Amino acid sequence: MNHIKLLFFATIRDRAGTKSLEMEIPADMTIQGLKDKLSTDYPNLKDSMKSVLITINREYAFDEAVVPSNAEIALFPPVSGG
Amino acid sequence: MKPSSRPTIFSITESEIDLNDLLAQITLESTGAAAIFTGMVRGETRRGESHDTAYLEYEAYVPMAEAKMKQVADEIREKWPVIEGIAIVQRIGRLYPKTPTVLIACTAAHRDTGVFEAARYGIDRLKEIVPVWKKEVSPSGEFWVEGDYIPKPGE
């Protein structure tokens with residue numbers, strides 16, 4: 001199992017009800033697998049998983065990427081700075 | 001000019017954006033032109049769906065946002081190698097109408113060097129890839145503003 005840290009921002013944080021979480025995931029879990037797990041474990045997040053942006057260690061990541069051990073994973077909606 | 005002598009400033013801040021200070025930091029002996037874009041909180045929106053804004057609440061994923069601002073600066077230098085200094089600053093926290101929220105400034109020897117386009121590119125890219133969000137608060141309620149850009153691999 002791999003230990004990871006999750007960070008939530010903006011709408012995703014509001015729905016998760018927390019800024020961060022730590023969890024253990026299987027060593028071969030992909031971003032898609034993580035989204036599926038979060039949808040199951042946190043039903044409030046299910047609708048958000050379709051359009052969420054995800055980063056691994058502060059770089060944008062995509063569904064097929066495998067989540068490395070001790071990764072800092074962030075989930076957030078499309079950005080709206082400026 | 002050696003790349004190391006070209007100042008690049010990128011930061012997320014909760015403090016007031018000091019245009020004069022930033023401009024001084026990116027002005028070299030060889031600088032003759034600066035293009036500056038700044039955005040501020042708009043209290044009255046009349047384009048599209050007309051509405052008023054009491055304030056905006058900004059938040060950022062700070063370490064990634066600063067890394068992506070540096071990436072935007074690197075992209076500007078790749079596209080416009082003559083650019084001398086670059087400043088990219090995003091203010092976060094609760095910001096009221098008329099308050100500057102973001103600043104992109106580029107300097108160059110002359111105005112016909114692409115310096116205007118470089119600053120324009122900087123703000124456009126910031127709005128695509130820098131992880132910052134704003135919640136709009138009005139007398140009638142509040143909602144998160146969401147962008148529409150989906151970053152591609154390598155961005």
# chains A, B, ... in the order shown; residues from 1 in each chain; ligands from 1

call {"tool": "interface_residues", "arguments": {"of": "chain A", "to": "chain B", "cutoff": "8 Å", "atoms": "only C-alpha atoms", "output": "JSON, numbers by chain"}}
result
{"A": [9, 10, 11, 53, 58, 59, 60, 61, 62, 77, 78, 79, 80, 81, 82]}

call {"tool": "select_by_dssp", "arguments": {"residues": "chain B", "states": "strand (DSSP E)", "output": "number ranges by chain"}}
result
B: 8-13, 33-40, 44-45, 51-52, 55-60, 86-91, 93-95, 100-108, 132-138, 141-145

call {"tool": "write_last_selection", "arguments": {"atoms": "N, CA and C atoms", "output": "short mmCIF file (atom, residue, chain, number, x, y, z; two decimals), in the first residue's frame"}}
result
data_model
loop_
_atom_site.label_atom_id
_atom_site.label_comp_id
_atom_site.auth_asym_id
_atom_site.auth_seq_id
_atom_site.Cartn_x
_atom_site.Cartn_y
_atom_site.Cartn_z
N THR B 8 13.17 37.91 -12.78
CA THR B 8 11.85 37.27 -12.91
C THR B 8 11.24 37.20 -11.52
N ILE B 9 10.09 37.82 -11.37
CA ILE B 9 9.40 37.83 -10.08
C ILE B 9 8.09 37.09 -10.26
N PHE B 10 7.81 36.15 -9.35
CA PHE B 10 6.51 35.47 -9.41
C PHE B 10 6.08 35.21 -7.98
N SER B 11 4.90 35.66 -7.62
CA SER B 11 4.46 35.41 -6.25
C SER B 11 2.96 35.49 -6.07
N ILE B 12 2.51 34.71 -5.09
CA ILE B 12 1.15 34.80 -4.55
C ILE B 12 1.28 35.61 -3.28
N THR B 13 0.45 36.62 -3.10
CA THR B 13 0.59 37.47 -1.92
C THR B 13 -0.76 37.84 -1.34
N ALA B 33 11.05 50.17 -22.21
CA ALA B 33 9.60 49.97 -22.37
C ALA B 33 9.11 48.93 -21.37
N ALA B 34 7.93 49.17 -20.86
CA ALA B 34 7.27 48.17 -20.01
C ALA B 34 5.82 48.08 -20.43
N ALA B 35 5.31 46.85 -20.55
CA ALA B 35 3.88 46.64 -20.76
C ALA B 35 3.34 46.03 -19.48
N ILE B 36 2.31 46.66 -18.95
CA ILE B 36 1.77 46.23 -17.66
C ILE B 36 0.29 45.93 -17.82
N PHE B 37 -0.10 44.73 -17.40
CA PHE B 37 -1.53 44.43 -17.31
C PHE B 37 -1.86 44.26 -15.84
N THR B 38 -2.93 44.90 -15.41
CA THR B 38 -3.42 44.61 -14.07
C THR B 38 -4.93 44.43 -14.15
N GLY B 39 -5.43 43.46 -13.40
CA GLY B 39 -6.86 43.22 -13.32
C GLY B 39 -7.33 43.63 -11.94
N MET B 40 -8.56 44.11 -11.85
CA MET B 40 -9.10 44.49 -10.54
C MET B 40 -10.49 43.92 -10.36
N GLU B 44 -19.42 46.25 -10.81
CA GLU B 44 -20.64 46.24 -11.63
C GLU B 44 -20.34 45.57 -12.96
N THR B 45 -20.94 44.43 -13.21
CA THR B 45 -20.75 43.72 -14.47
C THR B 45 -21.97 43.94 -15.34
N HIS B 51 -24.74 41.85 -13.25
CA HIS B 51 -24.80 41.61 -11.80
C HIS B 51 -23.79 42.50 -11.08
N ASP B 52 -24.01 42.65 -9.79
CA ASP B 52 -23.10 43.43 -8.96
C ASP B 52 -22.31 42.49 -8.04
N TYR B 55 -17.70 41.51 -3.10
CA TYR B 55 -16.25 41.27 -3.03
C TYR B 55 -15.95 39.89 -3.62
N LEU B 56 -14.68 39.64 -3.87
CA LEU B 56 -14.22 38.33 -4.33
C LEU B 56 -13.31 37.74 -3.26
N GLU B 57 -13.44 36.45 -3.06
CA GLU B 57 -12.57 35.75 -2.11
C GLU B 57 -11.67 34.83 -2.94
N TYR B 58 -10.37 35.14 -2.95
CA TYR B 58 -9.41 34.36 -3.75
C TYR B 58 -8.69 33.36 -2.88
N GLU B 59 -8.45 32.16 -3.45
CA GLU B 59 -7.55 31.22 -2.78
C GLU B 59 -6.63 30.60 -3.82
N ALA B 60 -5.51 30.06 -3.35
CA ALA B 60 -4.52 29.48 -4.26
C ALA B 60 -3.92 28.23 -3.64
N ILE B 86 10.39 40.23 -15.99
CA ILE B 86 9.00 39.76 -15.93
C ILE B 86 8.56 39.76 -14.47
N ALA B 87 7.39 40.32 -14.21
CA ALA B 87 6.78 40.22 -12.88
C ALA B 87 5.37 39.66 -13.03
N ILE B 88 5.08 38.62 -12.26
CA ILE B 88 3.74 38.01 -12.26
C ILE B 88 3.32 37.89 -10.79
N VAL B 89 2.29 38.62 -10.41
CA VAL B 89 1.86 38.61 -9.01
C VAL B 89 0.35 38.46 -8.94
N GLN B 90 -0.10 37.52 -8.11
CA GLN B 90 -1.53 37.33 -7.88
C GLN B 90 -1.79 37.58 -6.40
N ARG B 91 -2.72 38.48 -6.13
CA ARG B 91 -3.11 38.71 -4.73
C ARG B 91 -4.26 37.78 -4.39
N GLY B 93 -7.08 36.35 -1.00
CA GLY B 93 -7.80 36.84 0.18
C GLY B 93 -9.08 37.53 -0.27
N ARG B 94 -9.67 38.30 0.63
CA ARG B 94 -10.93 39.00 0.32
C ARG B 94 -10.61 40.35 -0.31
N LEU B 95 -11.07 40.53 -1.54
CA LEU B 95 -10.71 41.74 -2.28
C LEU B 95 -11.97 42.44 -2.78
N PRO B 100 -6.80 46.14 -7.25
CA PRO B 100 -6.03 45.29 -8.17
C PRO B 100 -5.81 43.89 -7.57
N THR B 101 -6.02 42.87 -8.39
CA THR B 101 -5.92 41.49 -7.92
C THR B 101 -4.73 40.75 -8.55
N VAL B 102 -4.33 41.20 -9.72
CA VAL B 102 -3.27 40.49 -10.45
C VAL B 102 -2.46 41.52 -11.24
N LEU B 103 -1.18 41.21 -11.42
CA LEU B 103 -0.33 42.09 -12.23
C LEU B 103 0.64 41.25 -13.03
N ILE B 104 0.72 41.57 -14.32
CA ILE B 104 1.73 40.97 -15.20
C ILE B 104 2.46 42.13 -15.84
N ALA B 105 3.76 42.20 -15.67
CA ALA B 105 4.53 43.26 -16.31
C ALA B 105 5.74 42.65 -17.00
N CYS B 106 5.99 43.14 -18.22
CA CYS B 106 7.17 42.70 -18.98
C CYS B 106 7.93 43.95 -19.42
N THR B 107 9.23 43.88 -19.37
CA THR B 107 10.04 45.00 -19.83
C THR B 107 10.93 44.57 -20.99
N ALA B 108 11.30 45.55 -21.81
CA ALA B 108 12.16 45.31 -22.97
C ALA B 108 12.87 46.61 -23.30
N VAL B 132 -5.43 29.05 -9.01
CA VAL B 132 -6.03 30.09 -8.18
C VAL B 132 -7.52 30.08 -8.51
N TRP B 133 -8.35 30.30 -7.49
CA TRP B 133 -9.81 30.33 -7.70
C TRP B 133 -10.39 31.52 -6.98
N LYS B 134 -11.54 31.97 -7.45
CA LYS B 134 -12.21 33.06 -6.75
C LYS B 134 -13.68 32.74 -6.54
N LYS B 135 -14.15 33.13 -5.37
CA LYS B 135 -15.56 33.00 -5.04
C LYS B 135 -16.16 34.39 -5.10
N GLU B 136 -17.23 34.50 -5.85
CA GLU B 136 -17.88 35.80 -6.00
C GLU B 136 -18.97 35.93 -4.95
N VAL B 137 -18.96 37.02 -4.22
CA VAL B 137 -19.96 37.25 -3.18
C VAL B 137 -20.74 38.52 -3.54
N SER B 138 -22.06 38.37 -3.60
CA SER B 138 -22.91 39.51 -3.95
C SER B 138 -24.04 39.58 -2.94
N GLY B 141 -26.07 36.38 -2.88
CA GLY B 141 -25.53 35.05 -2.61
C GLY B 141 -24.08 34.95 -3.02
N GLU B 142 -23.56 33.72 -3.04
CA GLU B 142 -22.16 33.55 -3.41
C GLU B 142 -21.99 32.31 -4.27
N PHE B 143 -21.01 32.36 -5.17
CA PHE B 143 -20.72 31.18 -6.00
C PHE B 143 -19.25 31.20 -6.41
N TRP B 144 -18.70 29.99 -6.58
CA TRP B 144 -17.32 29.86 -7.07
C TRP B 144 -17.32 30.12 -8.58
N VAL B 145 -16.39 30.92 -9.01
CA VAL B 145 -16.18 31.13 -10.45
C VAL B 145 -15.30 29.98 -10.93
#

call {"tool": "select_by_dssp", "arguments": {"residues": "range 23-82 of chain A", "states": "alpha helix (DSSP H)", "output": "mmCIF file with C-alpha atoms, in the first residue's frame"}}
result
data_model
loop_
_atom_site.group_PDB
_atom_site.id
_atom_site.type_symbol
_atom_site.label_atom_id
_atom_site.label_comp_id
_atom_site.auth_asym_id
_atom_site.auth_seq_id
_atom_site.Cartn_x
_atom_site.Cartn_y
_atom_site.Cartn_z
ATOM 1 C CA ILE A 31 -5.699 8.559 -11.062
ATOM 2 C CA GLN A 32 -8.845 6.989 -12.542
ATOM 3 C CA GLY A 33 -8.790 4.395 -9.775
ATOM 4 C CA LEU A 34 -8.384 7.113 -7.167
ATOM 5 C CA LYS A 35 -11.350 9.040 -8.617
ATOM 6 C CA ASP A 36 -13.462 5.865 -8.446
ATOM 7 C CA LYS A 37 -12.407 5.271 -4.834
ATOM 8 C CA LEU A 38 -13.224 8.866 -3.836
ATOM 9 C CA SER A 39 -16.629 8.652 -5.570
ATOM 10 C CA THR A 40 -17.426 5.558 -3.520
ATOM 11 C CA ASP A 41 -15.961 6.701 -0.188
#

call {"tool": "closest_residue", "arguments": {"among": "A:Thr30, A:Ile4, A:Ile25, A:Thr18", "to": "Val66 in chain A", "atoms": "only C-alpha atoms"}}
result
A:Thr30

call {"tool": "atom_distance", "arguments": {"atom1": "CA of Leu19 in chain B", "atom2": "CA of Thr99 in chain B"}}
result
12.6 Å

call {"tool": "closest_residue", "arguments": {"among": "A:Asn2, A:Ala27, A:Ala71, A:Tyr42", "to": "Arg15 in chain A", "atoms": "only C-alpha atoms"}}
result
A:Tyr42
